[in-house]
Amino acid sequence: MERLLSAVVIVIFFACNRADKDLNPSFKLIPTKKFFFKSWVDCNIAEAWIGDTLRIFSGKYGEDPVWGYSNELEFASGKSPNEVFQTPDEKFVDPIMPPNVLPTENGLHGCVFFETLYQSLTDPSGKTLYVVYHNENYPQTLPYNPKTGEGYIDKMWPEGLIGPQSPAAVSRIGIMKSINGGHSWENKGIFIEDLQPRMILKPHNNSLTFAGGVGDPSAVASGDYLYLFYGEYGYPAVYDANKYDSVFEASGQCISIARIKISDLDNPQGKAQRWDGKSFAAPYNGISKPIACLQIDKSDKGGAASRAGGNFYWSPSVSWNTYLNCWVMMMARVEGTKFVGDEIYISFNKNKDLGVGDNAQQWSKPKLVLNKPGHILWYPSLQPMNTEEDIKAKNTCLRLGKKARLFVKDMGGPIGVGDLKAGNVFDYAIECVLRLGKKARRFFVKDMEEGFTPDFVSEYVIEFEK
(Lines give C-alpha, C1' and ligand atoms only; values in the text may rest on other atoms or scores of the structure.)
Protein backbone atom coordinates (compact mmCIF):
# COMPACT_ATOMS: atom_id res chain seq x y z
CA MET A 1 0.00 0.00 0.00
CA GLU A 2 2.78 2.48 0.91
CA ARG A 3 4.55 1.81 -2.41
CA LEU A 4 1.30 2.40 -4.28
CA LEU A 5 0.63 5.70 -2.55
CA SER A 6 4.25 6.83 -3.08
CA ALA A 7 3.86 6.11 -6.79
CA VAL A 8 0.69 8.22 -6.83
CA VAL A 9 2.58 11.15 -5.29
CA ILE A 10 5.32 10.86 -7.95
CA VAL A 11 2.74 10.81 -10.76
CA ILE A 12 1.04 13.91 -9.33
CA PHE A 13 4.37 15.76 -9.08
CA PHE A 14 5.45 15.13 -12.68
CA ALA A 15 1.98 15.62 -14.19
CA CYS A 16 1.47 18.97 -12.45
CA ASN A 17 4.97 20.17 -13.32
CA ARG A 18 4.40 19.35 -17.00
CA ALA A 19 1.08 21.22 -17.13
CA ASP A 20 2.44 24.25 -15.25
CA LYS A 21 5.51 24.45 -17.51
CA ASP A 22 3.43 24.37 -20.70
CA LEU A 23 0.67 26.74 -19.62
CA ASN A 24 0.62 29.41 -16.97
CA PRO A 25 -1.89 32.20 -17.73
CA SER A 26 -2.25 35.10 -15.33
CA PHE A 27 -5.47 36.69 -14.14
CA LYS A 28 -6.74 39.46 -11.92
CA LEU A 29 -9.99 40.15 -10.11
CA ILE A 30 -11.65 43.50 -10.77
CA PRO A 31 -14.10 44.43 -7.98
CA THR A 32 -17.62 45.35 -9.13
CA LYS A 33 -20.93 46.23 -7.56
CA LYS A 34 -22.69 43.12 -6.22
CA PHE A 35 -24.62 41.49 -9.05
CA PHE A 36 -27.11 38.77 -8.05
CA PHE A 37 -28.78 35.98 -9.97
CA LYS A 38 -32.31 36.36 -8.70
CA SER A 39 -33.26 32.74 -8.27
CA TRP A 40 -32.29 29.85 -6.02
CA VAL A 41 -29.00 28.13 -6.92
CA ASP A 42 -27.67 24.91 -5.37
CA CYS A 43 -25.53 23.56 -8.23
CA ASN A 44 -23.88 24.69 -11.44
CA ILE A 45 -26.34 26.56 -13.62
CA ALA A 46 -27.14 25.17 -17.07
CA GLU A 47 -27.49 27.56 -19.99
CA ALA A 48 -27.65 27.87 -23.78
CA TRP A 49 -28.52 30.38 -26.49
CA ILE A 50 -31.66 29.31 -28.38
CA GLY A 51 -31.68 31.56 -31.40
CA ASP A 52 -31.12 35.05 -30.02
CA THR A 53 -32.40 34.10 -26.55
CA LEU A 54 -30.17 33.13 -23.63
CA ARG A 55 -31.89 30.60 -21.35
CA ILE A 56 -30.60 29.67 -17.88
CA PHE A 57 -31.85 26.82 -15.67
CA SER A 58 -31.31 26.56 -11.93
CA GLY A 59 -32.85 24.97 -8.84
CA LYS A 60 -34.01 21.55 -7.74
CA TYR A 61 -36.83 19.16 -8.62
CA GLY A 62 -38.16 15.95 -7.12
CA GLU A 63 -38.57 13.83 -4.00
CA ASP A 64 -36.27 14.27 -1.02
CA PRO A 65 -37.09 12.72 2.37
CA VAL A 66 -34.62 15.01 4.17
CA TRP A 67 -35.42 18.44 2.70
CA GLY A 68 -38.90 17.71 1.36
CA TYR A 69 -40.30 17.58 -2.16
CA SER A 70 -39.05 20.41 -4.37
CA ASN A 71 -40.45 22.05 -7.47
CA GLU A 72 -37.76 24.74 -7.61
CA LEU A 73 -36.19 23.85 -10.96
CA GLU A 74 -36.97 26.80 -13.22
CA PHE A 75 -35.61 28.85 -16.09
CA ALA A 76 -35.36 32.46 -17.20
CA SER A 77 -34.82 33.84 -20.70
CA GLY A 78 -33.56 37.08 -22.18
CA LYS A 79 -31.76 38.80 -25.04
CA SER A 80 -28.68 39.48 -22.93
CA PRO A 81 -26.92 38.03 -19.86
CA ASN A 82 -28.02 40.97 -17.72
CA GLU A 83 -31.66 40.53 -18.69
CA VAL A 84 -31.59 36.87 -17.66
CA PHE A 85 -29.64 37.34 -14.43
CA GLN A 86 -31.87 40.22 -13.37
CA THR A 87 -35.14 38.38 -14.05
CA PRO A 88 -37.25 38.55 -10.84
CA ASP A 89 -37.73 35.15 -9.26
CA GLU A 90 -41.50 35.28 -9.75
CA LYS A 91 -40.95 35.58 -13.52
CA PHE A 92 -39.04 32.29 -13.78
CA VAL A 93 -40.81 29.51 -15.69
CA ASP A 94 -41.42 25.96 -14.44
CA PRO A 95 -40.67 23.37 -17.13
CA ILE A 96 -42.70 20.18 -17.41
CA MET A 97 -40.64 17.51 -15.65
CA PRO A 98 -40.91 13.70 -15.62
CA PRO A 99 -42.61 12.43 -12.46
CA ASN A 100 -40.92 10.45 -9.73
CA VAL A 101 -41.76 6.75 -9.81
CA LEU A 102 -42.19 4.25 -7.00
CA PRO A 103 -38.98 2.80 -5.49
CA THR A 104 -39.72 -0.54 -7.17
CA GLU A 105 -40.29 0.97 -10.64
CA ASN A 106 -37.89 2.03 -13.37
CA GLY A 107 -37.70 5.77 -13.89
CA LEU A 108 -36.77 8.93 -12.04
CA HIS A 109 -35.91 8.43 -8.38
CA GLY A 110 -34.92 11.15 -5.93
CA CYS A 111 -34.27 14.77 -6.80
CA VAL A 112 -32.37 16.36 -9.66
CA PHE A 113 -30.31 19.51 -10.25
CA PHE A 114 -29.54 20.70 -13.81
CA GLU A 115 -25.77 21.18 -14.14
CA THR A 116 -24.78 21.52 -17.83
CA LEU A 117 -26.57 21.79 -21.17
CA TYR A 118 -25.38 20.23 -24.42
CA GLN A 119 -27.08 21.73 -27.48
CA SER A 120 -27.49 19.34 -30.40
CA LEU A 121 -25.57 20.45 -33.48
CA THR A 122 -27.97 18.57 -35.75
CA ASP A 123 -30.97 20.80 -34.88
CA PRO A 124 -30.66 24.22 -36.58
CA SER A 125 -33.39 25.64 -34.33
CA GLY A 126 -31.21 25.08 -31.26
CA LYS A 127 -34.16 23.67 -29.36
CA THR A 128 -32.85 20.14 -28.93
CA LEU A 129 -31.09 20.13 -25.58
CA TYR A 130 -29.52 17.46 -23.40
CA VAL A 131 -28.99 18.28 -19.75
CA VAL A 132 -26.50 16.60 -17.45
CA TYR A 133 -28.19 16.35 -14.07
CA HIS A 134 -27.00 15.60 -10.55
CA ASN A 135 -29.32 13.09 -8.88
CA GLU A 136 -29.59 12.45 -5.12
CA ASN A 137 -31.14 9.42 -3.48
CA TYR A 138 -31.37 7.66 -0.12
CA PRO A 139 -32.19 4.09 0.94
CA GLN A 140 -35.80 5.30 1.27
CA THR A 141 -36.11 6.53 -2.33
CA LEU A 142 -33.93 3.86 -3.96
CA PRO A 143 -33.79 0.71 -1.80
CA TYR A 144 -31.35 -2.04 -2.71
CA ASN A 145 -32.43 -4.40 -5.47
CA PRO A 146 -30.41 -7.66 -5.31
CA LYS A 147 -31.35 -8.51 -8.92
CA THR A 148 -29.82 -5.38 -10.40
CA GLY A 149 -27.33 -4.41 -7.70
CA GLU A 150 -28.71 -0.87 -7.72
CA GLY A 151 -30.00 0.96 -4.67
CA TYR A 152 -28.84 1.23 -1.08
CA ILE A 153 -29.13 -0.70 2.18
CA ASP A 154 -30.22 1.22 5.28
CA LYS A 155 -27.68 -0.37 7.62
CA MET A 156 -24.86 1.55 9.30
CA TRP A 157 -25.90 4.39 7.01
CA PRO A 158 -23.99 7.65 7.68
CA GLU A 159 -25.48 10.84 9.08
CA GLY A 160 -26.56 13.63 6.73
CA LEU A 161 -26.51 17.40 6.69
CA ILE A 162 -29.12 18.27 9.30
CA GLY A 163 -28.43 15.98 12.24
CA PRO A 164 -28.51 12.36 13.43
CA GLN A 165 -32.08 11.95 12.24
CA SER A 166 -31.11 12.72 8.63
CA PRO A 167 -29.47 10.19 6.30
CA ALA A 168 -26.62 11.11 3.97
CA ALA A 169 -27.49 11.24 0.28
CA VAL A 170 -25.88 9.34 -2.59
CA SER A 171 -25.23 11.23 -5.81
CA ARG A 172 -25.49 9.90 -9.36
CA ILE A 173 -25.40 11.60 -12.76
CA GLY A 174 -27.94 11.30 -15.58
CA ILE A 175 -29.27 12.77 -18.82
CA MET A 176 -32.59 14.38 -19.76
CA LYS A 177 -33.63 15.58 -23.20
CA SER A 178 -35.82 18.43 -24.45
CA ILE A 179 -36.91 19.09 -28.04
CA ASN A 180 -38.64 22.41 -27.31
CA GLY A 181 -35.90 24.55 -25.83
CA GLY A 182 -36.30 23.28 -22.28
CA HIS A 183 -40.03 23.79 -21.76
CA SER A 184 -40.43 20.06 -21.11
CA TRP A 185 -38.00 17.23 -20.37
CA GLU A 186 -37.81 13.48 -20.87
CA ASN A 187 -35.62 11.41 -18.55
CA LYS A 188 -33.06 9.32 -20.45
CA GLY A 189 -31.48 7.67 -17.43
CA ILE A 190 -28.38 7.41 -15.26
CA PHE A 191 -25.10 7.07 -17.15
CA ILE A 192 -22.60 7.06 -14.27
CA GLU A 193 -22.96 5.90 -10.66
CA ASP A 194 -21.37 3.99 -7.76
CA LEU A 195 -23.12 1.00 -6.22
CA GLN A 196 -23.74 -0.09 -2.63
CA PRO A 197 -20.43 -1.97 -2.11
CA ARG A 198 -18.51 1.31 -2.47
CA MET A 199 -20.62 3.34 -0.04
CA ILE A 200 -18.64 4.54 3.02
CA LEU A 201 -20.63 3.74 6.16
CA LYS A 202 -20.52 4.28 9.91
CA PRO A 203 -18.35 4.60 11.88
CA HIS A 204 -15.88 5.92 9.31
CA ASN A 205 -18.10 8.32 7.37
CA ASN A 206 -18.49 11.39 9.60
CA SER A 207 -18.25 14.28 7.10
CA LEU A 208 -22.04 14.89 7.10
CA THR A 209 -22.07 15.01 3.31
CA PHE A 210 -22.50 12.00 1.00
CA ALA A 211 -22.46 8.28 1.67
CA GLY A 212 -20.62 8.02 -1.64
CA GLY A 213 -21.36 8.32 -5.32
CA VAL A 214 -20.50 10.70 -8.14
CA GLY A 215 -21.88 14.20 -8.48
CA ASP A 216 -21.62 17.98 -8.85
CA PRO A 217 -20.65 17.70 -12.53
CA SER A 218 -19.68 20.01 -15.36
CA ALA A 219 -19.56 18.75 -18.96
CA VAL A 220 -18.00 20.00 -22.19
CA ALA A 221 -18.02 18.67 -25.75
CA SER A 222 -14.72 17.73 -27.42
CA GLY A 223 -14.76 15.79 -30.66
CA ASP A 224 -17.34 13.03 -30.64
CA TYR A 225 -17.62 12.93 -26.85
CA LEU A 226 -19.13 14.78 -23.95
CA TYR A 227 -16.49 14.96 -21.21
CA LEU A 228 -17.78 14.89 -17.67
CA PHE A 229 -15.86 16.47 -14.77
CA TYR A 230 -17.35 15.36 -11.47
CA GLY A 231 -16.77 14.74 -7.78
CA GLU A 232 -15.70 11.21 -6.84
CA TYR A 233 -17.06 10.49 -3.34
CA GLY A 234 -17.06 6.69 -3.07
CA TYR A 235 -14.45 4.28 -1.72
CA PRO A 236 -11.94 3.25 -4.45
CA ALA A 237 -12.58 -0.43 -3.71
CA VAL A 238 -15.22 -2.51 -1.96
CA TYR A 239 -15.73 -0.85 1.42
CA ASP A 240 -14.92 -3.15 4.36
CA ALA A 241 -15.16 -1.59 7.82
CA ASN A 242 -12.45 -3.95 9.10
CA LYS A 243 -9.98 -2.92 6.39
CA TYR A 244 -10.89 0.75 6.00
CA ASP A 245 -7.97 3.09 5.18
CA SER A 246 -8.63 6.85 5.01
CA VAL A 247 -5.38 7.51 3.10
CA PHE A 248 -6.36 4.93 0.50
CA GLU A 249 -9.83 6.47 0.28
CA ALA A 250 -8.37 9.91 -0.39
CA SER A 251 -6.15 8.50 -3.14
CA GLY A 252 -9.29 7.73 -5.17
CA GLN A 253 -10.99 11.13 -4.76
CA CYS A 254 -12.14 13.78 -5.76
CA ILE A 255 -12.42 15.57 -9.19
CA SER A 256 -12.47 12.90 -11.89
CA ILE A 257 -13.28 12.60 -15.60
CA ALA A 258 -15.52 10.32 -17.61
CA ARG A 259 -16.87 10.59 -21.12
CA ILE A 260 -19.84 9.47 -23.18
CA LYS A 261 -20.33 9.47 -26.93
CA ILE A 262 -22.58 12.31 -28.03
CA SER A 263 -24.37 9.77 -30.23
CA ASP A 264 -25.29 7.83 -27.04
CA LEU A 265 -27.10 10.70 -25.32
CA ASP A 266 -30.51 9.46 -26.48
CA ASN A 267 -29.81 6.12 -24.81
CA PRO A 268 -27.13 6.92 -22.21
CA GLN A 269 -27.89 4.47 -19.43
CA GLY A 270 -24.64 2.87 -18.28
CA LYS A 271 -22.69 4.31 -21.25
CA ALA A 272 -20.10 6.42 -19.41
CA GLN A 273 -16.45 5.42 -19.70
CA ARG A 274 -14.40 6.44 -16.65
CA TRP A 275 -10.68 7.23 -16.60
CA ASP A 276 -8.85 4.23 -15.12
CA GLY A 277 -5.39 5.82 -14.90
CA LYS A 278 -4.39 5.05 -18.50
CA SER A 279 -7.48 5.54 -20.65
CA PHE A 280 -11.25 5.89 -20.57
CA ALA A 281 -11.74 2.18 -20.01
CA ALA A 282 -13.41 1.82 -16.58
CA PRO A 283 -17.14 1.05 -16.72
CA TYR A 284 -19.85 3.52 -15.70
CA ASN A 285 -20.12 1.96 -12.23
CA GLY A 286 -16.46 0.97 -11.91
CA ILE A 287 -13.46 2.41 -10.10
CA SER A 288 -11.79 5.39 -11.71
CA LYS A 289 -8.69 7.47 -11.07
CA PRO A 290 -9.12 11.17 -10.24
CA ILE A 291 -7.15 14.01 -11.86
CA ALA A 292 -3.83 13.81 -10.03
CA CYS A 293 -3.06 17.55 -10.18
CA LEU A 294 -6.40 18.37 -8.57
CA GLN A 295 -5.84 16.30 -5.45
CA ILE A 296 -4.72 18.06 -2.26
CA ASP A 297 -1.58 16.67 -0.66
CA LYS A 298 -1.78 15.34 2.88
CA SER A 299 0.79 17.98 3.93
CA ASP A 300 -1.77 20.62 2.92
CA LYS A 301 -4.57 18.94 4.91
CA GLY A 302 -5.77 16.87 1.97
CA GLY A 303 -7.86 13.93 3.04
CA ALA A 304 -10.79 11.60 2.46
CA ALA A 305 -14.14 13.06 1.45
CA SER A 306 -15.96 10.97 4.05
CA ARG A 307 -13.79 12.15 6.96
CA ALA A 308 -14.39 15.33 8.98
CA GLY A 309 -11.58 17.77 8.21
CA GLY A 310 -10.44 16.11 4.99
CA ASN A 311 -9.70 18.84 2.41
CA PHE A 312 -10.51 18.31 -1.26
CA TYR A 313 -11.51 20.26 -4.37
CA TRP A 314 -15.07 19.87 -5.63
CA SER A 315 -17.88 21.41 -7.75
CA PRO A 316 -15.85 21.89 -10.95
CA SER A 317 -17.09 24.31 -13.62
CA VAL A 318 -15.26 23.96 -16.96
CA SER A 319 -15.26 26.33 -19.94
CA TRP A 320 -13.29 26.83 -23.15
CA ASN A 321 -11.57 30.22 -23.17
CA THR A 322 -11.30 31.67 -26.68
CA TYR A 323 -8.76 34.31 -25.60
CA LEU A 324 -6.38 31.93 -23.81
CA ASN A 325 -7.13 29.07 -26.23
CA CYS A 326 -7.40 26.61 -23.34
CA TRP A 327 -9.82 25.01 -20.93
CA VAL A 328 -10.45 26.77 -17.62
CA MET A 329 -11.74 25.02 -14.51
CA MET A 330 -13.14 26.78 -11.45
CA MET A 331 -13.52 24.77 -8.24
CA ALA A 332 -14.25 25.19 -4.54
CA ARG A 333 -12.29 23.68 -1.66
CA VAL A 334 -13.88 21.71 1.19
CA GLU A 335 -12.19 22.31 4.55
CA GLY A 336 -14.64 20.79 7.04
CA THR A 337 -17.91 18.92 7.49
CA LYS A 338 -21.01 19.84 5.46
CA PHE A 339 -18.87 21.04 2.53
CA VAL A 340 -17.66 24.06 4.52
CA GLY A 341 -14.93 26.05 2.75
CA ASP A 342 -14.12 29.69 2.02
CA GLU A 343 -11.77 29.47 -0.98
CA ILE A 344 -12.17 29.33 -4.77
CA TYR A 345 -9.45 28.01 -7.11
CA ILE A 346 -8.66 27.91 -10.84
CA SER A 347 -6.81 25.46 -13.11
CA PHE A 348 -5.97 25.39 -16.85
CA ASN A 349 -5.60 22.76 -19.58
CA LYS A 350 -4.11 23.69 -22.98
CA ASN A 351 -5.35 20.58 -24.83
CA LYS A 352 -8.40 21.41 -26.92
CA ASP A 353 -8.82 17.76 -27.92
CA LEU A 354 -9.44 15.97 -24.63
CA GLY A 355 -9.51 12.57 -26.32
CA VAL A 356 -5.82 12.26 -27.24
CA GLY A 357 -3.65 10.29 -24.82
CA ASP A 358 -3.88 11.76 -21.32
CA ASN A 359 -4.80 15.27 -22.53
CA ALA A 360 -7.87 15.29 -20.30
CA GLN A 361 -5.63 14.80 -17.25
CA GLN A 362 -3.16 17.61 -17.94
CA TRP A 363 -4.44 20.34 -15.63
CA SER A 364 -2.23 22.92 -13.97
CA LYS A 365 -1.81 23.06 -10.21
CA PRO A 366 -4.82 24.98 -8.81
CA LYS A 367 -4.24 28.65 -7.95
CA LEU A 368 -6.18 30.55 -5.31
CA VAL A 369 -8.64 33.03 -6.84
CA LEU A 370 -10.82 34.12 -3.93
CA ASN A 371 -10.77 33.76 -0.15
CA LYS A 372 -13.57 35.08 2.07
CA PRO A 373 -12.91 34.04 5.69
CA GLY A 374 -16.08 33.23 7.60
CA HIS A 375 -18.10 32.55 4.45
CA ILE A 376 -19.09 29.29 2.80
CA LEU A 377 -18.37 29.40 -0.94
CA TRP A 378 -19.92 26.85 -3.29
CA TYR A 379 -20.36 26.39 -7.04
CA PRO A 380 -17.95 28.94 -8.56
CA SER A 381 -18.86 29.75 -12.14
CA LEU A 382 -17.57 32.04 -14.87
CA GLN A 383 -20.39 33.76 -16.75
CA PRO A 384 -20.55 35.95 -19.87
CA MET A 385 -20.35 39.72 -19.69
CA ASN A 386 -23.17 41.94 -20.89
CA THR A 387 -21.04 43.18 -23.79
CA GLU A 388 -21.74 43.33 -27.50
CA GLU A 389 -18.82 40.96 -28.03
CA ASP A 390 -20.13 38.27 -25.68
CA ILE A 391 -23.70 38.58 -26.92
CA LYS A 392 -22.64 38.40 -30.58
CA ALA A 393 -20.47 35.34 -29.84
CA LYS A 394 -23.34 33.82 -27.83
CA ASN A 395 -20.97 33.07 -25.00
CA THR A 396 -22.15 31.01 -22.04
CA CYS A 397 -20.57 29.43 -18.97
CA LEU A 398 -19.11 26.85 -21.39
CA ARG A 399 -17.34 29.34 -23.68
CA LEU A 400 -15.87 32.67 -22.61
CA GLY A 401 -13.24 35.25 -23.51
CA LYS A 402 -10.72 37.61 -21.96
CA LYS A 403 -13.15 38.82 -19.29
CA ALA A 404 -15.93 37.04 -17.43
CA ARG A 405 -18.04 37.51 -14.35
CA LEU A 406 -17.08 35.33 -11.41
CA PHE A 407 -20.19 34.01 -9.67
CA VAL A 408 -20.29 31.96 -6.48
CA LYS A 409 -22.91 30.80 -4.01
CA ASP A 410 -21.89 32.79 -0.92
CA MET A 411 -23.26 31.71 2.46
CA GLY A 412 -22.46 32.12 6.13
CA GLY A 413 -21.42 29.20 8.35
CA PRO A 414 -23.93 26.42 9.11
CA ILE A 415 -25.29 25.62 12.58
CA GLY A 416 -24.76 22.04 13.68
CA VAL A 417 -27.07 19.95 15.82
CA GLY A 418 -24.46 20.15 18.60
CA ASP A 419 -25.09 23.90 18.73
CA LEU A 420 -28.76 23.46 19.64
CA LYS A 421 -28.87 25.38 22.91
CA ALA A 422 -31.63 27.63 24.14
CA GLY A 423 -30.10 30.73 22.59
CA ASN A 424 -29.91 29.50 19.01
CA VAL A 425 -32.72 26.99 18.45
CA PHE A 426 -34.55 29.66 16.50
CA ASP A 427 -31.51 30.36 14.34
CA TYR A 428 -31.15 26.67 13.59
CA ALA A 429 -34.83 26.41 12.62
CA ILE A 430 -34.49 29.41 10.34
CA GLU A 431 -31.42 27.90 8.67
CA CYS A 432 -33.38 24.72 7.90
CA VAL A 433 -36.19 26.82 6.43
CA LEU A 434 -33.72 28.78 4.31
CA ARG A 435 -32.63 25.53 2.69
CA LEU A 436 -36.14 24.73 1.49
CA GLY A 437 -36.10 26.93 -1.59
CA LYS A 438 -37.82 30.19 -2.33
CA LYS A 439 -41.38 28.91 -2.84
CA ALA A 440 -41.53 26.91 0.40
CA ARG A 441 -39.80 29.66 2.35
CA ARG A 442 -42.63 32.11 1.68
CA PHE A 443 -44.83 30.07 4.00
CA PHE A 444 -42.36 30.37 6.89
CA VAL A 445 -40.30 33.55 6.59
CA LYS A 446 -42.09 36.87 6.88
CA ASP A 447 -39.62 38.97 4.90
CA MET A 448 -40.10 36.63 1.93
CA GLU A 449 -43.28 38.61 1.22
CA GLU A 450 -41.02 41.28 -0.23
CA GLY A 451 -39.27 38.81 -2.56
CA PHE A 452 -36.57 36.17 -2.69
CA THR A 453 -33.15 36.99 -1.23
CA PRO A 454 -30.55 35.38 -3.54
CA ASP A 455 -27.05 34.22 -2.63
CA PHE A 456 -25.56 33.40 -6.05
CA VAL A 457 -23.56 36.56 -6.52
CA SER A 458 -20.82 38.18 -8.60
CA GLU A 459 -18.61 40.77 -6.93
CA TYR A 460 -15.73 40.49 -9.39
CA VAL A 461 -14.88 40.35 -13.05
CA ILE A 462 -11.95 38.07 -13.80
CA GLU A 463 -9.58 39.27 -16.53
CA PHE A 464 -7.06 36.90 -18.12
CA GLU A 465 -3.65 37.58 -19.61
CA LYS A 466 -1.65 35.17 -21.79
# chains A, B, ... in the order shown; residues from 1 in each chain; ligands from 1
$ closest_atom_pairs --of "region 325-424 of chain A" --to "region 274-283 of chain A" --cutoff "12 Å" --atoms "only C-alpha atoms" --output "Markdown table"
| residue | atom | partner | partner_atom | distance |
| --- | --- | --- | --- | --- |
| A:Leu354 | CA | A:Phe280 | CA | 11.0 |
| A:Gly355 | CA | A:Phe280 | CA | 9.0 |
| A:Val356 | CA | A:Ser279 | CA | 9.6 |
| A:Gly357 | CA | A:Ser279 | CA | 7.4 |
| A:Asp358 | CA | A:Ser279 | CA | 7.2 |
| A:Asn359 | CA | A:Ser279 | CA | 10.3 |
| A:Ala360 | CA | A:Trp275 | CA | 9.3 |
| A:Gln361 | CA | A:Trp275 | CA | 9.1 |
$ residues_around --residues "region 53-63 of chain A" --least-positions-apart "6" --cutoff "8 Å" --atoms "only C-alpha atoms" --output "PyMOL selection string"
chain A and resi 39-47+69-81+84+99-100+109-114+141
$ residues_around --residues "Lys289 (chain A)" --least-positions-apart "3" --cutoff "12 Å" --atoms "only C-alpha atoms" --output "PyMOL selection string"
chain A and resi 8+11-12+230-237+249-258+273-282+286+292-295+361
$ select_by_dssp --residues "region 9-100 of chain A" --states "strand (DSSP E or B)" --output "PyMOL selection string"
chain A and resi 26-36+46-50+53-58+61-62+70-71+74-78+93+96+100
$ residues_around --residues "Leu121 (chain A)" --least-positions-apart "3" --cutoff "12 Å" --atoms "only C-alpha atoms" --output "JSON, numbers by chain"
{"A": [50, 118, 124, 125, 126, 127, 128, 129, 130, 221, 224, 262, 263]}
$ residues_around --residues "Gly310 (chain A)" --least-positions-apart "5" --cutoff "12 Å" --atoms "only C-alpha atoms" --output "count of residues only"
32
$ closest_residue --among "A:His183, A:Lys372, A:Arg399, A:Lys38" --to "Leu324 (chain A)" --atoms "only C-alpha atoms"
A:Arg399
$ residues_around --residues "Asp264 (chain A)" --least-positions-apart "3" --cutoff "12 Å" --atoms "only C-alpha atoms" --output "PyMOL selection string"
chain A and resi 130+175+188-189+191+224-226+259-261+267-273
$ closest_residue --among "A:Gln119, A:Asn145, A:Asn371, A:Asn321" --to "Phe348 (chain A)" --atoms "only C-alpha atoms"
A:Asn321
